[in-house]
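Engineer: Before anything else, here's the structure in question.
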Amino acid sequence: LSADSAGVYDNTKGLLNLANAASAETAQGVKVQILSNETPVTYDKALDIGTQTATGAFTIPLKARYYRSAETLKSGTANSSVTYTITYE
(Lines give C-alpha, C1' and ligand atoms only; values in the text may rest on other atoms or scores of the structure.)
Protein backbone atom coordinates (compact mmCIF):
# COMPACT_ATOMS: atom_id res chain seq x y z
CA LEU A 1 0.00 0.00 0.00
CA SER A 2 1.22 3.47 -0.86
CA ALA A 3 -0.37 6.66 0.37
CA ASP A 4 -1.63 8.96 -2.35
CA SER A 5 -1.08 12.72 -2.45
CA ALA A 6 -2.45 13.52 1.04
CA GLY A 7 0.33 11.42 2.59
CA VAL A 8 0.83 9.41 5.75
CA TYR A 9 0.03 10.98 9.13
CA ASP A 10 1.41 8.19 11.38
CA ASN A 11 2.92 5.09 9.79
CA THR A 12 3.04 3.14 13.08
CA LYS A 13 -0.75 3.43 13.39
CA GLY A 14 -1.57 3.11 9.67
CA LEU A 15 -3.04 6.63 9.58
CA LEU A 16 -3.51 8.72 6.46
CA ASN A 17 -4.04 12.46 6.18
CA LEU A 18 -7.32 13.60 4.68
CA ALA A 19 -7.41 14.77 1.07
CA ASN A 20 -7.79 18.53 0.53
CA ALA A 21 -6.78 19.29 4.13
CA ALA A 22 -6.56 23.05 3.43
CA SER A 23 -10.18 23.22 2.25
CA ALA A 24 -12.73 24.77 4.62
CA GLU A 25 -15.04 21.85 3.72
CA THR A 26 -12.62 19.15 4.98
CA ALA A 27 -13.19 17.59 8.40
CA GLN A 28 -10.65 18.15 11.16
CA GLY A 29 -9.63 15.93 14.03
CA VAL A 30 -9.95 12.65 12.12
CA LYS A 31 -7.66 10.54 9.97
CA VAL A 32 -8.27 7.40 7.90
CA GLN A 33 -6.78 4.18 9.25
CA ILE A 34 -6.16 1.09 7.10
CA LEU A 35 -6.06 -2.30 8.81
CA SER A 36 -5.01 -5.75 7.65
CA ASN A 37 -6.42 -8.55 9.81
CA GLU A 38 -7.29 -5.94 12.46
CA THR A 39 -3.67 -4.69 12.59
CA PRO A 40 -2.65 -1.24 11.30
CA VAL A 41 -0.72 -1.43 8.02
CA THR A 42 2.73 0.05 7.41
CA TYR A 43 2.74 2.01 4.17
CA ASP A 44 5.35 1.36 1.45
CA LYS A 45 6.16 -2.04 2.93
CA ALA A 46 5.23 -5.43 1.43
CA LEU A 47 2.10 -6.90 2.99
CA ASP A 48 1.55 -10.65 3.06
CA ILE A 49 -2.19 -11.11 2.74
CA GLY A 50 -2.32 -14.91 2.62
CA THR A 51 -2.79 -17.74 0.16
CA GLN A 52 -5.73 -18.47 -2.09
CA THR A 53 -7.76 -21.64 -1.64
CA ALA A 54 -7.61 -24.61 -4.01
CA THR A 55 -10.77 -23.30 -5.71
CA GLY A 56 -9.13 -19.94 -6.36
CA ALA A 57 -11.25 -17.98 -3.89
CA PHE A 58 -9.48 -15.27 -1.97
CA THR A 59 -10.52 -12.51 0.39
CA ILE A 60 -8.24 -9.52 0.83
CA PRO A 61 -8.32 -8.80 4.60
CA LEU A 62 -8.19 -4.98 4.44
CA LYS A 63 -10.55 -2.44 5.92
CA ALA A 64 -10.61 1.29 6.50
CA ARG A 65 -12.06 3.28 9.37
CA TYR A 66 -12.02 6.80 10.72
CA TYR A 67 -9.61 7.42 13.59
CA ARG A 68 -9.92 10.37 15.93
CA SER A 69 -6.68 12.31 16.19
CA ALA A 70 -5.73 14.64 19.05
CA GLU A 71 -7.06 17.70 17.22
CA THR A 72 -10.39 19.42 17.80
CA LEU A 73 -13.22 17.85 15.80
CA LYS A 74 -14.87 19.72 12.92
CA SER A 75 -17.44 18.18 10.59
CA GLY A 76 -16.82 18.00 6.87
CA THR A 77 -15.57 15.80 4.04
CA ALA A 78 -13.21 13.06 5.24
CA ASN A 79 -11.63 11.25 2.29
CA SER A 80 -8.22 9.76 1.61
CA SER A 81 -6.82 7.20 -0.82
CA VAL A 82 -4.09 4.63 -1.26
CA THR A 83 -2.67 2.68 -4.16
CA TYR A 84 -2.75 -1.08 -3.66
CA THR A 85 -0.50 -3.12 -5.95
CA ILE A 86 -0.93 -6.91 -6.04
CA THR A 87 2.04 -9.09 -6.95
CA TYR A 88 1.17 -12.69 -7.62
CA GLU A 89 3.98 -15.15 -6.83
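We name chains A, B, ... following the order of the C-alpha coordinates; residues begin at 1 in each chain, and ligands are numbered from 1 as shown.
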Neighbours of Tyr66 (chain A) within 9 Å (only C-alpha atoms; same-chain residues fewer than 2 positions away dropped), as a ChimeraX atom specification?

Structural biologist: /A:30-34,64,68,78

Engineer: List the neighbours of Asn17 (chain A) out to 6 Å using only C-alpha atoms; skip same-chain residues closer than 2 positions along the sequence, and give me the result as a list in words.

Structural biologist: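 In the requested format, the answer is Ala6, Gly7, Val8, Tyr9 and Lys31 of chain A.
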
Engineer: Would you list the contacts of Leu47 (chain A) as a PyMOL selection string, taking every protein, DNA or RNA residue within 9 Å and counting only C-alpha atoms, but skipping same-chain residues closer than 6 positions in sequence?

Structural biologist: chain A and resi 1+36+41

Engineer: Excluding Thr87 (chain A) and its own-chain neighbours fewer than 2 positions away, which residues fall within 12 Å of it when counting only C-alpha atoms? Please give them as a list in words.

Structural biologist: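 The contact residues come out as Leu1, Ala46, Leu47, Asp48, Ile49, Tyr84, Thr85 and Glu89 of chain A.
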
Engineer: To one decimal place in Å, what is the distance between CA of Ile86 (chain A) and CA of Ala19 (chain A)?

Structural biologist: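 It comes out at 23.7 Å.
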
Engineer: CA of Leu15 (chain A) and CA of Asn79 (chain A), how far apart in Å?

Structural biologist: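 Value for the CA of Asn79 (chain A)-CA of Leu15 (chain A) distance: 12.2 Å.
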
Engineer: Which is closer to Tyr88 (chain A) than all the others in A:Ser23, A:Gln52, A:Asn11, A:Thr39, using only C-alpha atoms?

Structural biologist: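 The answer is A:Gln52, which sits nearest to Tyr88 (chain A).
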